[in-house]
>>> print(open('run.csv').read())   # CSV, C-alpha atoms
chain,number,residue,atom,x,y,z
A,1118,MET,CA,16.7,-2.1,250.1
A,1119,GLY,CA,17.6,1.5,250.3
A,1120,PRO,CA,18.2,4.1,249.0
A,1121,LEU,CA,14.6,3.9,248.0
A,1122,ILE,CA,14.9,6.3,245.0
A,1123,VAL,CA,18.0,4.6,243.5
A,1124,ASN,CA,16.3,1.2,243.6
A,1125,ASP,CA,13.1,2.5,242.0
A,1126,ILE,CA,11.0,1.7,245.1
A,1127,ILE,CA,9.7,5.3,245.0
A,1128,SER,CA,9.2,7.5,242.0
A,1129,ASN,CA,11.1,10.7,241.4
A,1130,ASN,CA,8.0,12.8,242.3
A,1131,THR,CA,7.5,10.9,245.5
A,1132,ASN,CA,11.2,11.5,246.3
A,1133,LEU,CA,10.7,15.3,245.8
A,1134,PHE,CA,7.5,15.1,247.9
A,1135,LEU,CA,9.3,13.3,250.7
A,1136,ALA,CA,12.1,15.9,250.5
A,1137,PHE,CA,9.5,18.5,251.7
A,1138,PHE,CA,8.8,16.3,254.8
A,1139,ILE,CA,12.4,15.6,255.5
A,1140,GLY,CA,12.9,19.4,255.4
A,1141,ILE,CA,10.1,19.9,257.9
A,1142,ALA,CA,11.7,17.5,260.3
A,1143,PHE,CA,15.1,19.1,259.7
A,1144,GLY,CA,13.8,22.6,260.4
A,1145,PHE,CA,11.8,21.5,263.4
A,1146,VAL,CA,14.8,19.8,265.0
A,1147,LEU,CA,17.1,22.7,264.3
A,1148,GLU,CA,14.7,25.3,265.7
A,1149,SER,CA,13.8,23.1,268.7
A,1150,SER,CA,17.5,22.8,269.5
A,1151,GLY,CA,17.9,26.6,269.6
A,1152,PHE,CA,19.6,26.9,266.1
A,1153,SER,CA,17.3,29.9,265.3
A,1154,SER,CA,19.3,32.1,267.7
A,1155,SER,CA,22.6,33.5,266.4
A,1156,ARG,CA,23.7,34.3,270.0
A,1157,LYS,CA,23.2,30.7,270.9
A,1158,LEU,CA,25.0,29.5,267.8
A,1159,ALA,CA,27.9,31.9,268.3
A,1160,GLY,CA,28.2,30.7,271.9
A,1161,VAL,CA,30.3,27.7,270.8
A,1162,PHE,CA,33.1,30.0,269.8
A,1163,TYR,CA,33.3,31.7,273.2
A,1164,GLY,CA,32.4,28.6,275.3
A,1165,TYR,CA,29.2,30.0,276.9
A,1166,ASP,CA,26.9,27.8,274.9
A,1167,THR,CA,28.2,24.7,273.1
A,1168,VAL,CA,24.8,23.5,271.7
A,1169,VAL,CA,26.2,23.7,268.1
A,1170,LEU,CA,29.0,21.3,268.9
A,1171,LYS,CA,26.7,18.9,270.8
A,1172,VAL,CA,23.9,18.8,268.3
A,1173,PHE,CA,26.1,18.8,265.3
A,1174,PHE,CA,28.4,15.9,266.4
A,1175,THR,CA,25.6,13.9,268.0
A,1176,GLY,CA,23.8,14.2,264.7
A,1177,ALA,CA,26.8,13.2,262.6
A,1178,ILE,CA,27.7,10.1,264.7
A,1179,THR,CA,24.0,9.0,264.9
A,1180,ALA,CA,23.6,9.1,261.1
A,1181,MET,CA,27.1,7.6,260.6
A,1182,LEU,CA,26.4,4.7,262.8
A,1183,GLY,CA,22.9,4.3,261.4
A,1184,LEU,CA,24.3,4.1,257.9
A,1185,ILE,CA,26.9,1.5,258.9
A,1186,PHE,CA,24.4,-0.7,260.7
A,1187,PHE,CA,21.8,-0.3,257.9
A,1188,SER,CA,24.5,-1.4,255.5
A,1189,LEU,CA,25.5,-4.4,257.7
A,1190,PHE,CA,21.8,-5.4,257.9
A,1191,GLY,CA,21.5,-5.3,254.2
A,1192,TRP,CA,19.0,-2.5,254.4
A,1193,ILE,CA,21.0,0.1,252.3
A,1194,ASP,CA,23.5,-0.2,249.6
A,1195,LEU,CA,26.1,2.4,250.5
A,1196,THR,CA,27.6,2.4,247.0
A,1197,TYR,CA,24.4,4.2,245.9
A,1198,VAL,CA,24.7,6.9,248.6
A,1199,TYR,CA,26.1,10.1,247.4
A,1200,VAL,CA,29.6,10.8,248.7
A,1201,ASN,CA,30.7,14.4,248.2
A,1202,PRO,CA,33.7,14.7,245.9
A,1203,THR,CA,36.9,16.1,247.5
A,1204,TYR,CA,38.5,19.0,245.8
A,1205,LEU,CA,41.1,19.9,248.3
A,1206,TRP,CA,41.8,23.6,247.8
A,1207,SER,CA,38.3,24.8,247.1
A,1208,THR,CA,37.1,22.9,250.2
A,1209,ILE,CA,39.7,24.5,252.4
A,1210,VAL,CA,39.3,28.0,251.0
A,1211,GLY,CA,35.6,27.8,250.8
A,1212,GLY,CA,35.5,26.5,254.4
A,1213,VAL,CA,37.7,29.3,255.6
A,1214,ILE,CA,35.4,31.9,254.0
A,1215,MET,CA,32.3,30.2,255.5
A,1216,GLY,CA,34.0,30.2,258.9
A,1217,ALA,CA,34.5,34.0,258.6
A,1218,GLY,CA,30.9,34.3,257.6
A,1219,PHE,CA,29.8,32.2,260.6
A,1220,ILE,CA,31.5,34.4,263.1
A,1221,THR,CA,30.5,37.7,261.5
A,1222,GLY,CA,26.9,36.7,260.7
A,1223,GLY,CA,26.1,34.2,263.4
A,1224,PHE,CA,24.3,31.8,261.2
A,1225,CYS,CA,24.9,29.2,258.5
A,1226,PRO,CA,22.4,28.9,255.6
A,1227,GLY,CA,20.2,26.2,257.2
A,1228,THR,CA,20.0,27.9,260.5
A,1229,SER,CA,19.3,31.4,259.0
A,1230,PHE,CA,16.2,29.9,257.4
A,1231,CYS,CA,15.0,28.6,260.8
A,1232,ALA,CA,15.6,32.1,262.3
A,1233,ALA,CA,13.8,33.8,259.5
A,1234,ALA,CA,10.9,31.3,259.9
A,1235,ILE,CA,10.3,32.5,263.4
A,1236,GLY,CA,10.6,36.2,262.6
A,1237,LYS,CA,14.3,37.0,263.2
A,1238,ILE,CA,15.1,40.0,261.0
A,1239,ASP,CA,18.9,39.3,261.3
A,1240,GLY,CA,18.2,35.9,259.9
A,1241,MET,CA,16.4,37.4,256.9
A,1242,VAL,CA,19.2,39.8,256.2
A,1243,PHE,CA,21.7,36.9,256.4
A,1244,ILE,CA,19.7,35.1,253.7
A,1245,VAL,CA,19.8,38.2,251.5
A,1246,GLY,CA,23.6,38.1,252.0
A,1247,ILE,CA,23.8,34.5,251.0
A,1248,PHE,CA,22.0,35.2,247.7
A,1249,ILE,CA,24.4,38.1,247.0
A,1250,GLY,CA,27.4,35.8,247.8
A,1251,ILE,CA,26.1,33.0,245.6
A,1252,PHE,CA,25.4,35.5,242.8
A,1253,VAL,CA,29.0,36.9,243.1
A,1254,PHE,CA,30.3,33.4,242.7
A,1255,THR,CA,28.1,32.4,239.7
A,1256,GLU,CA,28.8,35.6,237.9
A,1257,GLY,CA,32.5,35.6,238.6
A,1258,TYR,CA,32.9,31.9,238.1
A,1259,PRO,CA,35.5,32.1,235.3
A,1260,LEU,CA,37.8,33.9,237.8
A,1261,PHE,CA,37.4,31.1,240.4
A,1262,GLU,CA,37.2,28.1,238.1
A,1263,SER,CA,40.8,27.0,238.4
A,1264,LEU,CA,40.7,27.1,242.3
A,1265,TYR,CA,37.3,25.4,242.2
A,1266,MET,CA,38.6,22.5,240.2
A,1267,ALA,CA,42.1,22.2,241.7
A,1268,GLU,CA,43.4,19.0,243.4
A,1269,PHE,CA,40.5,16.7,242.7
A,1270,MET,CA,40.9,13.7,245.0
A,1271,GLY,CA,37.8,11.7,243.9
A,1272,TYR,CA,34.8,10.7,245.8
A,1273,LEU,CA,37.0,9.8,248.7
A,1274,THR,CA,36.0,8.6,252.2
A,1275,ILE,CA,38.2,9.4,255.2
A,1276,ASN,CA,38.7,5.7,256.0
A,1277,ASP,CA,39.9,5.0,252.5
A,1278,PHE,CA,42.3,8.0,252.8
A,1279,PHE,CA,43.8,6.6,256.0
A,1280,GLY,CA,43.5,3.0,254.7
A,1281,ILE,CA,41.4,1.7,257.6
A,1282,SER,CA,37.9,0.2,257.8
A,1283,SER,CA,34.8,2.3,258.1
A,1284,GLY,CA,34.0,0.7,261.4
A,1285,LEU,CA,37.3,1.7,262.9
A,1286,MET,CA,37.0,5.2,261.5
A,1287,ALA,CA,33.6,5.5,263.0
A,1288,LEU,CA,34.9,4.4,266.4
A,1289,ILE,CA,37.6,7.1,266.2
A,1290,VAL,CA,35.0,9.8,265.3
A,1291,ILE,CA,32.9,8.7,268.2
A,1292,PHE,CA,35.8,9.0,270.6
A,1293,ALA,CA,36.6,12.4,269.2
A,1294,ALA,CA,33.0,13.5,269.6
A,1295,VAL,CA,32.8,12.3,273.2
A,1296,ALA,CA,36.0,14.2,274.0
A,1297,MET,CA,34.5,17.3,272.4
A,1298,PHE,CA,31.3,16.9,274.4
A,1299,TRP,CA,33.4,16.7,277.6
A,1300,GLY,CA,35.2,19.9,276.5
A,1301,GLY,CA,31.9,21.6,275.7
A,1302,GLU,CA,30.4,20.8,279.1
A,1303,TRP,CA,33.6,22.0,280.8
A,1304,ALA,CA,33.6,25.3,278.7
A,1305,GLU,CA,30.0,26.0,279.7
A,1306,LYS,CA,30.9,25.9,283.3
A,1307,LYS,CA,34.1,27.9,282.8
A,1308,PHE,CA,32.5,30.7,280.7
A,1309,PRO,CA,28.9,30.9,282.0
A,1310,ARG,CA,26.5,33.5,280.9
A,1311,LYS,CA,23.1,33.9,282.5
A,1312,GLU,CA,21.0,35.2,279.6
A,1313,TYR,CA,21.5,36.0,276.0
B,710,MET,CA,7.7,40.3,287.1
B,711,GLU,CA,7.8,40.9,283.4
B,712,LYS,CA,10.9,38.8,283.1
B,713,SER,CA,9.5,35.8,284.9
B,714,GLN,CA,6.4,35.9,282.7
B,715,THR,CA,8.6,35.9,279.7
B,716,ILE,CA,10.4,32.8,281.0
B,717,LEU,CA,7.2,31.1,281.7
B,718,ARG,CA,5.8,31.8,278.3
B,719,LYS,CA,8.8,30.5,276.4
B,720,ALA,CA,9.3,26.8,276.1
B,721,LYS,CA,12.8,25.6,276.8
B,722,TYR,CA,15.0,24.3,274.1
B,723,LEU,CA,15.4,20.6,273.5
B,724,ASN,CA,18.2,18.8,275.3
B,725,PRO,CA,21.1,19.1,272.7
B,726,TYR,CA,22.0,15.4,272.8
B,727,ILE,CA,18.4,14.4,272.1
B,728,GLY,CA,18.2,17.1,269.4
B,729,GLY,CA,21.4,15.7,267.9
B,730,VAL,CA,20.0,12.1,267.8
B,731,LEU,CA,16.8,13.4,266.1
B,732,LEU,CA,18.9,15.4,263.6
B,733,GLY,CA,21.0,12.2,263.0
B,734,LEU,CA,17.8,10.2,262.4
B,735,VAL,CA,16.5,12.8,259.9
B,736,LEU,CA,19.8,12.7,258.1
B,737,LEU,CA,19.7,8.8,258.1
B,738,ALA,CA,16.1,8.9,256.7
B,739,SER,CA,17.3,11.3,254.0
B,740,ASN,CA,20.1,8.9,253.0
B,741,TYR,CA,17.8,5.9,253.2
B,742,ILE,CA,15.0,7.4,251.1
B,743,SER,CA,16.8,9.7,248.7
B,744,GLY,CA,20.4,8.4,248.8
B,745,ARG,CA,21.7,11.8,249.7
B,746,GLY,CA,22.3,14.0,252.8
B,747,LEU,CA,20.6,17.2,253.9
B,748,GLY,CA,21.5,20.6,252.5
B,749,ALA,CA,20.7,24.3,252.4
B,750,SER,CA,22.9,26.5,250.2
B,751,GLY,CA,22.2,24.3,247.0
B,752,ALA,CA,18.5,25.4,247.2
B,753,MET,CA,19.5,29.0,247.2
B,754,LYS,CA,21.8,28.4,244.2
B,755,SER,CA,18.7,27.0,242.4
B,756,VAL,CA,16.9,30.3,243.1
B,757,ILE,CA,19.8,32.3,241.7
B,758,VAL,CA,20.1,30.2,238.6
B,759,SER,CA,16.4,30.2,238.0
B,760,GLY,CA,16.3,34.0,238.5
B,761,VAL,CA,19.1,34.7,236.1
B,762,GLN,CA,17.5,32.3,233.5
B,763,THR,CA,14.2,34.2,233.8
B,764,ILE,CA,15.5,37.8,233.9
B,765,ALA,CA,18.5,37.5,231.6
B,766,PRO,CA,18.0,34.3,229.4
B,767,ALA,CA,20.7,35.4,226.9
B,768,HIS,CA,23.2,35.9,229.7
B,769,ALA,CA,22.3,32.5,231.2
B,770,GLU,CA,23.0,30.8,227.9
B,771,SER,CA,26.4,32.4,227.4
B,772,ALA,CA,27.9,32.8,230.9
B,773,LEU,CA,30.0,29.8,231.9
B,774,PHE,CA,28.5,28.9,235.2
B,775,TYR,CA,24.9,28.8,234.1
B,776,LYS,CA,25.8,27.1,230.9
B,777,GLU,CA,27.5,24.3,232.8
B,778,TYR,CA,24.7,24.2,235.4
B,779,SER,CA,22.0,23.5,232.8
B,780,GLU,CA,24.1,20.9,231.1
B,781,THR,CA,24.6,19.0,234.4
B,782,HIS,CA,21.1,19.8,235.8
B,783,PRO,CA,18.5,19.5,233.0
B,784,GLY,CA,15.0,20.8,233.7
B,785,ASN,CA,13.7,23.6,235.9
B,786,PRO,CA,16.3,24.4,238.6
B,787,MET,CA,13.5,25.0,241.1
B,788,ASN,CA,12.2,21.5,240.7
B,789,SER,CA,15.0,20.1,242.8
B,790,TRP,CA,15.2,18.0,246.0
B,791,LEU,CA,17.0,20.7,247.9
B,792,VAL,CA,14.4,23.4,247.0
B,793,TYR,CA,11.5,21.2,248.4
B,794,GLU,CA,13.6,20.3,251.4
B,795,MET,CA,14.4,24.0,252.2
B,796,LEU,CA,10.7,24.9,251.9
B,797,GLY,CA,10.1,22.2,254.4
B,798,VAL,CA,12.8,23.7,256.7
B,799,LEU,CA,10.9,27.0,256.7
B,800,VAL,CA,7.6,25.2,257.6
B,801,GLY,CA,9.3,23.0,260.3
B,802,GLY,CA,11.2,25.9,261.9
B,803,PHE,CA,8.0,27.9,262.0
B,804,LEU,CA,6.0,25.0,263.5
B,805,SER,CA,8.6,24.5,266.2
B,806,GLY,CA,8.6,28.3,266.9
B,807,ILE,CA,4.8,28.4,267.2
B,808,LEU,CA,4.8,25.4,269.6
B,809,ALA,CA,7.5,26.9,271.7
B,810,ARG,CA,6.0,30.5,271.5
B,811,ARG,CA,9.2,31.9,270.0
B,812,THR,CA,7.7,33.5,266.9
B,813,LYS,CA,8.3,37.2,267.0
B,814,LEU,CA,9.5,39.8,264.6
B,815,LYS,CA,12.8,41.0,266.0
B,816,ILE,CA,16.5,41.7,265.6
B,817,GLU,CA,18.5,39.6,268.0
B,818,HIS,CA,21.7,41.1,269.1
B,819,SER,CA,24.1,41.6,272.0
B,820,PRO,CA,23.0,44.6,274.2
B,821,LYS,CA,26.5,46.0,273.5
B,822,ILE,CA,25.8,46.6,269.8
B,823,SER,CA,23.1,48.4,267.9
B,824,SER,CA,20.5,46.7,265.7
B,825,LYS,CA,22.0,48.4,262.7
B,826,ARG,CA,25.5,47.0,263.4
B,827,ARG,CA,23.9,43.5,263.9
B,828,LEU,CA,22.2,43.7,260.5
B,829,VAL,CA,25.3,45.0,258.7
B,830,PHE,CA,27.3,42.1,260.1
B,831,ALA,CA,24.5,39.7,259.3
B,832,LEU,CA,24.6,40.9,255.7
B,833,ILE,CA,28.4,40.6,255.5
B,834,GLY,CA,28.3,37.1,257.1
B,835,GLY,CA,25.6,36.0,254.6
B,836,ILE,CA,27.6,37.2,251.6
B,837,LEU,CA,30.7,35.4,252.9
B,838,PHE,CA,28.8,32.2,253.6
B,839,GLY,CA,27.0,32.3,250.3
B,840,PHE,CA,30.2,32.7,248.4
B,841,GLY,CA,32.1,30.2,250.5
B,842,SER,CA,29.4,27.6,250.2
B,843,GLN,CA,29.6,27.7,246.4
B,844,LEU,CA,33.4,27.5,246.3
B,845,GLY,CA,33.4,24.8,249.0
B,846,ARG,CA,30.6,22.8,247.2
B,847,GLY,CA,28.2,22.9,250.1
B,848,CYS,CA,27.7,24.5,253.5
B,849,THR,CA,27.5,23.3,257.1
B,850,SER,CA,24.6,21.0,256.3
B,851,GLY,CA,25.4,19.7,252.9
B,852,SER,CA,29.2,19.4,253.1
B,853,ALA,CA,30.2,19.3,256.8
B,854,LEU,CA,27.3,17.4,258.5
B,855,SER,CA,26.1,15.2,255.7
B,856,GLY,CA,29.6,14.6,254.5
B,857,MET,CA,30.8,13.5,257.9
B,858,ALA,CA,27.9,11.1,258.3
B,859,ILE,CA,29.0,9.2,255.2
B,860,LEU,CA,32.7,9.6,256.2
B,861,SER,CA,33.5,11.8,253.2
B,862,LEU,CA,37.0,13.2,253.4
B,863,GLY,CA,35.7,16.5,252.0
B,864,GLY,CA,33.1,16.7,254.8
B,865,PHE,CA,35.7,16.5,257.5
B,866,ILE,CA,38.0,19.0,255.8
B,867,SER,CA,35.0,21.3,255.4
B,868,MET,CA,34.0,21.0,259.0
B,869,MET,CA,37.5,21.7,260.3
B,870,ALA,CA,37.9,24.7,257.9
B,871,ILE,CA,34.6,26.3,258.9
B,872,PHE,CA,34.8,25.8,262.7
B,873,GLY,CA,38.6,26.3,262.8
B,874,THR,CA,38.3,29.7,261.1
B,875,ALA,CA,35.4,30.8,263.2
B,876,PHE,CA,37.3,29.9,266.4
B,877,ALA,CA,40.4,31.6,265.1
B,878,LEU,CA,38.5,34.8,264.4
B,879,ALA,CA,36.3,34.7,267.4
B,880,TYR,CA,38.5,37.0,269.4
B,881,PHE,CA,38.2,39.9,266.9
B,882,PHE,CA,34.4,39.7,266.8
B,883,ARG,CA,33.8,39.2,270.5
B,884,LYS,CA,32.1,42.6,271.0
B,885,ASN,CA,29.3,41.4,268.7
B,886,TRP,CA,28.5,38.3,270.8
B,887,ILE,CA,29.7,38.6,274.4
>>> encode(input="run.csv", output="structure tokens")
Amino acid sequence: MGPLIVNDIISNNTNLFLAFFIGIAFGFVLESSGFSSSRKLAGVFYGYDTVVLKVFFTGAITAMLGLIFFSLFGWIDLTYVYVNPTYLWSTIVGGVIMGAGFITGGFCPGTSFCAAAIGKIDGMVFIVGIFIGIFVFTEGYPLFESLYMAEFMGYLTINDFFGISSGLMALIVIFAAVAMFWGGEWAEKKFPRKEY
Amino acid sequence: MEKSQTILRKAKYLNPYIGGVLLGLVLLASNYISGRGLGASGAMKSVIVSGVQTIAPAHAESALFYKEYSETHPGNPMNSWLVYEMLGVLVGGFLSGILARRTKLKIEHSPKISSKRRLVFALIGGILFGFGSQLGRGCTSGSALSGMAILSLGGFISMMAIFGTAFALAYFFRKNWI
């Protein structure tokens, strides 16, 4: 039963070794989907290319459904799967700053690595920027600590927050994703661009 | 002529829905094997912490962030799941680029802006993303994508804040992209 590492089915070193292969698959899928191109990524914000929206939400609902089914089949114990803690204010402010970084830089950290891997200099410069940004945070941490720790809501899931079952929540997320796919396809017809 | 040759030489991108299903399967495998989602910015934090510990060990022992980090993450910060995963991302991205004949040293930018402007904005964007990912406890991969897959409330808030802000600011940066 999964997760394999928590149930001692694999050793810690095997886990780290497999992380490398998970990373290879992750990078391969991102690059093959076009995530190494900032102009393709930024397209979602102007409607001419909504590949980000489609890949991102298809990925999220596939993994979400997979985890729910694995749990129902008894293949994985979800209580051992890491759920990100929710610190309300730092998540919102951090997300807003990341959004500003996305529209100015055209990448997020994972995609900038894919871009750099195939020789995009703008991707490499973005990575340099990430290092600077992280360094500013770690060095200035005493200044940001109170915001970083504010409004801790626990390791909370969205279904618990709304008081519904995970299955119903998943269904709602799927409906929302399908509506966004429809919107994405519409936008690509409405704001077409031949080449970029 | 030259243009059609370029098109012939470059492989097309994967269908986005197929790419998404594959991405979801990778994320599912990550959760099944390692009990955690994918990530990116955390690996870069390891590099920074490791760098500071090496270059300025006294500072790393006294400054609050590094002190707390070594208390919660014993051992070498580079010997972490995310560091190995991100090394894999570089290899995987490169392999895909080789197979699709997309590997080329270049600065990609809109014809309306200069290469220099593109790089300046890439640097600024990187700085913002790097800072925001630390404050927000994870980036698009670790917080938004992986968080949503396990229905974490933080993951959904993160996703909405990142994409919502980028949409809201898109108008002001349109010259860089369209």
>>> atom_distance(input="run.csv", atom1="atom CA of Val1168 of chain A", atom2="atom CA of Gly1212 of chain A")
20.6 Å
>>> residues_around(input="run.csv", residues="Leu832 of chain B", least_positions_apart="5", cutoff="10 Å", atoms="only C-alpha atoms", output="ChimeraX atom specification")
/A:1218,1221-1222,1239-1247,1249-1250 /B:826-827,837-838
>>> atom_distance(input="run.csv", atom1="atom CA of Ala772 of chain B", atom2="atom CA of Gly1257 of chain A")
9.4 Å
>>> closest_residue(input="run.csv", among="B:Thr849, B:Thr874, B:Thr781, B:Ser824", to="Ile1238 of chain A", atoms="all atoms listed in the file")
B:Ser824
>>> residues_around(input="run.csv", residues="Met857 of chain B", least_positions_apart="5", cutoff="10 Å", atoms="only C-alpha atoms", output="list in words")
Phe1174, Gly1176, Ala1177, Ile1178, Ala1180, Met1181, Val1200, Asn1201, Thr1274, Ile1275, Ala1287 and Val1290 of chain A; Gly746, Ser850, Gly851, Ser852, Leu862, Gly863, Gly864, Phe865, Ile866, Ser867 and Met868 of chain B
>>> residues_around(input="run.csv", residues="Ser1150 of chain A", least_positions_apart="6", cutoff="9 Å", atoms="only C-alpha atoms", output="PyMOL selection string")
(chain A and resi 1168-1169+1172) or (chain B and resi 722-725+727-729)
>>> atom_distance(input="run.csv", atom1="atom CA of Leu1170 of chain A", atom2="atom CA of Ser1153 of chain A")
15.0 Å
>>> residues_around(input="run.csv", residues="Ala1159 of chain A", least_positions_apart="5", cutoff="8 Å", atoms="all atoms listed in the file", output="list in words")
Asp1166, Phe1219, Ile1220, Gly1223 and Phe1224 of chain A; Trp886 of chain B
>>> residues_near_point(input="run.csv", point="(42.4, 22.1, 249.7)", cutoff="10 Å", atoms="all atoms listed in the file", output="PyMOL selection string")
(chain A and resi 1203-1212+1264-1265+1267-1270) or (chain B and resi 845+863+866-867+870)
>>> closest_residue(input="run.csv", among="A:Gly1301, A:Gly1216, A:Gly1271, A:Pro1259", to="Tyr775 of chain B", atoms="all atoms listed in the file")
A:Pro1259
>>> closest_residue(input="run.csv", among="B:Ala853, B:Met787, B:Ala877, B:Leu737", to="chain A", atoms="all atoms listed in the file")
B:Leu737
>>> closest_residue(input="run.csv", among="B:Leu804, B:Ala858, B:Phe882, B:Gly733", to="Gly834 of chain B", atoms="all atoms listed in the file")
B:Phe882
